file run20.csv (CSV, C-alpha atoms)
chain,number,residue,atom,x,y,z
A,1,MET,CA,-26.2,-51.9,2.8
A,2,ARG,CA,-27.8,-55.3,2.2
A,3,ALA,CA,-25.6,-57.9,0.5
A,4,THR,CA,-26.9,-59.1,-2.8
A,5,ASP,CA,-26.9,-62.8,-3.8
A,6,GLN,CA,-24.1,-62.0,-6.2
A,7,THR,CA,-22.0,-60.5,-3.4
A,8,LEU,CA,-22.5,-63.5,-1.2
A,9,GLN,CA,-21.6,-65.8,-4.1
A,10,GLN,CA,-18.4,-63.8,-4.7
A,11,ILE,CA,-17.4,-63.9,-1.1
A,12,GLU,CA,-18.1,-67.6,-0.8
A,13,ARG,CA,-16.0,-68.3,-3.9
A,14,ALA,CA,-13.1,-66.4,-2.4
A,15,ILE,CA,-13.4,-68.5,0.8
A,16,ARG,CA,-13.4,-71.7,-1.2
A,17,LYS,CA,-10.3,-70.6,-3.2
A,18,THR,CA,-8.5,-69.8,0.0
A,19,ALA,CA,-9.5,-73.1,1.5
A,20,ASP,CA,-8.2,-74.9,-1.6
A,21,LYS,CA,-4.7,-73.6,-0.8
A,22,PHE,CA,-4.8,-75.8,2.3
A,23,PRO,CA,-6.4,-79.1,1.4
A,24,PRO,CA,-7.2,-81.4,4.3
A,25,THR,CA,-5.2,-84.2,2.8
A,26,GLU,CA,-1.9,-82.4,3.4
A,27,GLU,CA,0.1,-82.1,6.6
A,28,ALA,CA,-1.0,-79.1,8.6
A,29,SER,CA,1.0,-76.0,8.0
A,30,GLN,CA,2.3,-73.6,10.7
A,31,LEU,CA,0.1,-70.7,9.4
A,32,THR,CA,-1.7,-69.1,12.3
A,33,ASP,CA,-4.3,-66.8,10.6
A,34,ILE,CA,-6.0,-66.0,7.3
A,35,HIS,CA,-5.9,-62.2,6.8
A,36,VAL,CA,-8.9,-60.8,4.9
A,37,ARG,CA,-8.5,-57.3,3.4
A,38,VAL,CA,-11.3,-55.4,1.9
A,39,THR,CA,-10.8,-52.1,-0.1
A,40,GLN,CA,-13.9,-49.9,0.0
A,41,GLU,CA,-12.9,-47.9,-3.1
A,42,THR,CA,-12.1,-50.8,-5.4
A,43,GLY,CA,-14.4,-53.4,-3.9
A,44,GLU,CA,-11.5,-55.9,-3.7
A,45,LEU,CA,-11.6,-58.7,-1.2
A,46,MET,CA,-8.2,-60.4,-0.7
A,47,THR,CA,-6.9,-63.1,1.6
A,48,PHE,CA,-3.3,-63.4,2.7
A,49,ASP,CA,-1.2,-65.8,4.8
A,50,ASP,CA,0.9,-64.7,7.8
A,51,ASP,CA,3.8,-63.9,5.5
A,52,ASP,CA,1.6,-61.5,3.5
A,53,ARG,CA,1.5,-63.8,0.5
A,54,GLU,CA,-1.7,-63.4,-1.4
A,55,LEU,CA,-4.0,-66.5,-1.4
A,56,THR,CA,-6.8,-65.1,-3.5
A,57,ARG,CA,-8.5,-61.9,-4.6
A,58,CYS,CA,-11.8,-61.0,-6.1
A,59,VAL,CA,-13.8,-57.9,-6.8
A,60,VAL,CA,-17.2,-57.5,-5.1
A,61,GLU,CA,-19.0,-55.3,-7.5
A,62,GLN,CA,-21.5,-54.1,-4.9
A,63,TRP,CA,-18.6,-52.7,-2.9
A,64,ILE,CA,-16.9,-50.7,-5.7
A,65,ASP,CA,-16.9,-47.0,-4.7
A,66,ASN,CA,-19.0,-47.7,-1.7
A,67,LYS,CA,-19.2,-44.4,0.3
A,68,ASP,CA,-21.1,-45.8,3.4
A,69,GLY,CA,-19.6,-44.6,6.6
A,70,ASP,CA,-20.5,-47.8,8.3
A,71,PHE,CA,-18.9,-50.0,5.6
A,72,TYR,CA,-16.4,-51.6,8.0
A,73,ASP,CA,-19.1,-52.1,10.6
A,74,VAL,CA,-21.5,-54.0,8.2
A,75,ILE,CA,-19.1,-56.2,6.1
A,76,PRO,CA,-17.8,-58.4,9.0
A,77,GLY,CA,-21.3,-59.8,9.5
A,78,VAL,CA,-21.6,-60.5,5.7
A,79,ILE,CA,-18.3,-62.2,5.5
A,80,ARG,CA,-18.8,-64.1,8.7
A,81,ARG,CA,-22.1,-65.5,7.4
A,82,CYS,CA,-20.3,-66.7,4.2
A,83,ILE,CA,-17.6,-68.4,6.3
A,84,GLU,CA,-20.1,-70.1,8.6
A,85,LYS,CA,-22.0,-71.3,5.6
A,86,GLN,CA,-18.8,-73.2,4.6
A,87,LYS,CA,-17.9,-74.2,8.1
A,88,GLN,CA,-17.0,-77.8,7.2
A,89,LEU,CA,-14.6,-76.6,4.5
A,90,VAL,CA,-13.0,-73.9,6.6
A,91,GLU,CA,-12.5,-76.1,9.6
A,92,GLY,CA,-11.0,-78.9,7.5
A,93,MET,CA,-8.2,-76.7,6.2
A,94,SER,CA,-4.7,-78.2,6.8
A,95,ILE,CA,-3.6,-75.4,9.2
A,96,LEU,CA,-2.5,-76.0,12.8
A,97,LYS,CA,-5.3,-75.1,15.2
A,98,PRO,CA,-6.2,-72.6,16.5
A,99,TYR,CA,-6.3,-70.2,13.6
A,100,ALA,CA,-8.6,-67.4,12.6
A,101,PHE,CA,-10.0,-65.4,9.7
A,102,VAL,CA,-9.1,-61.8,10.6
A,103,LEU,CA,-10.6,-58.8,8.8
A,104,GLU,CA,-8.1,-56.0,8.2
A,105,ASP,CA,-8.4,-52.5,6.8
A,106,ASP,CA,-6.4,-51.0,3.9
A,107,ASP,CA,-3.5,-50.3,6.3
A,108,ARG,CA,-3.4,-53.9,7.4
A,109,GLU,CA,-4.7,-53.1,10.8
A,110,PRO,CA,-7.0,-55.7,12.4
A,111,ILE,CA,-10.7,-54.7,12.6
A,112,THR,CA,-12.2,-57.9,14.0
A,113,GLU,CA,-11.9,-61.7,14.1
A,114,LEU,CA,-14.4,-63.1,11.7
A,115,TYR,CA,-14.1,-66.8,12.6
A,116,VAL,CA,-11.9,-68.8,14.9
A,117,VAL,CA,-11.2,-72.4,14.3
A,118,ASP,CA,-10.2,-74.3,17.5
A,119,ASP,CA,-11.3,-77.6,18.9
A,120,ASP,CA,-11.8,-76.1,22.4
A,121,MET,CA,-13.3,-72.7,21.7
A,122,VAL,CA,-16.3,-71.2,19.9
A,123,ILE,CA,-16.6,-67.6,19.1
A,124,ILE,CA,-20.2,-66.2,19.3
A,125,ASP,CA,-21.3,-63.7,16.7
A,126,PRO,CA,-21.1,-60.2,18.2
A,127,GLU,CA,-24.6,-59.4,16.9
A,128,LEU,CA,-25.9,-62.0,19.3
A,129,MET,CA,-24.1,-60.4,22.2
A,130,LYS,CA,-25.5,-56.9,21.7
A,131,GLY,CA,-27.2,-55.6,24.8
A,132,LEU,CA,-26.0,-58.5,26.9
A,133,ASP,CA,-24.2,-56.1,29.4
A,134,LYS,CA,-27.5,-54.3,30.0
A,135,ASP,CA,-29.4,-57.5,30.5
A,136,LEU,CA,-26.8,-58.8,32.9
A,137,ASP,CA,-26.8,-55.5,34.8
A,138,SER,CA,-30.6,-55.5,35.1
A,139,PHE,CA,-30.6,-59.1,36.3
A,140,LEU,CA,-27.9,-58.4,38.9
A,141,ASP,CA,-29.8,-55.3,40.1
A,142,GLU,CA,-33.0,-57.3,40.5
A,143,LEU,CA,-31.1,-60.1,42.2
A,144,LEU,CA,-29.5,-57.7,44.7
A,145,LYS,CA,-32.9,-56.0,45.5
A,146,SER,CA,-34.4,-59.3,46.7
call {"tool": "encode", "arguments": {"input": "run20.csv", "output": "structure tokens"}}
result
Amino acid sequence: MRATDQTLQQIERAIRKTADKFPPTEEASQLTDIHVRVTQETGELMTFDDDDRELTRCVVEQWIDNKDGDFYDVIPGVIRRCIEKQKQLVEGMSILKPYAFVLEDDDREPITELYVVDDDMVIIDPELMKGLDKDLDSFLDELLKS
């Protein structure tokens, strides 16, 4: 599933609306994470605070009645790109660091961390890390041979 421009715009708008709840001019709140829930059947994308209070919701039309078996494998990358595109806005939210955007399934079970905001740590996109174990193993084997 390739995200359409409309899908990306809808996700980016939801991120902006979430960030608007924590303007940088206010004193940092104790919130520790932003929980992102996506419902495959309805196409809803919702964000919540740690107390399960809804921050925003939107319907991503492309996701309505999506039957793809790899839906929850594909959407983290799409949402992550939208968050990274608005990095300055997201990192300026008045929330005590570190905090993360965490993708959850319908049962509120964490799937993956989408984005971590911390002055001392950077999370690398998992797509960039694919195959790294094999590369390191090959490197080590070659090193030990010589």
call {"tool": "closest_residue", "arguments": {"input": "run20.csv", "among": "A:Met46, A:Val78, A:Val117, A:Ala100", "to": "Lys17 of chain A", "atoms": "only C-alpha atoms"}}
result
A:Met46
call {"tool": "atom_distance", "arguments": {"input": "run20.csv", "atom1": "atom CA of Glu104 of chain A", "atom2": "atom CA of Lys134 of chain A"}}
result
29.2 Å
call {"tool": "closest_residue", "arguments": {"input": "run20.csv", "among": "A:Tyr99, A:Tyr115, A:Phe139, A:Phe48", "to": "Arg80 of chain A", "atoms": "only C-alpha atoms"}}
result
A:Tyr115
call {"tool": "residues_around", "arguments": {"input": "run20.csv", "residues": "segment 63-65 of chain A", "least_positions_apart": "4", "cutoff": "9 Å", "atoms": "all atoms listed in the file", "output": "PyMOL selection string"}}
result
chain A and resi 7+39-44+59+71
call {"tool": "residues_near_point", "arguments": {"input": "run20.csv", "point": "(-2.6, -65.5, -3.2)", "cutoff": "8 Å", "atoms": "only C-alpha atoms", "output": "ChimeraX atom specification"}}
result
/A:18,46-48,53-57
call {"tool": "residues_around", "arguments": {"input": "run20.csv", "residues": "Ala19 of chain A", "least_positions_apart": "3", "cutoff": "12 Å", "atoms": "all atoms listed in the file", "output": "list in words"}}
result
Glu12, Arg13, Ala14, Ile15, Arg16, Phe22, Pro23, Pro24, Thr25, Ile34, Thr47, Phe48, Asp49, Leu55, Thr56, Ile83, Gln86, Lys87, Gln88, Leu89, Val90, Glu91, Gly92, Met93, Ser94, Ile95 and Phe101 of chain A
call {"tool": "atom_distance", "arguments": {"input": "run20.csv", "atom1": "atom CA of Asp20 of chain A", "atom2": "atom CA of Ala3 of chain A"}}
result
24.4 Å
call {"tool": "atom_distance", "arguments": {"input": "run20.csv", "atom1": "atom CA of Asp5 of chain A", "atom2": "atom CA of Glu61 of chain A"}}
result
11.5 Å
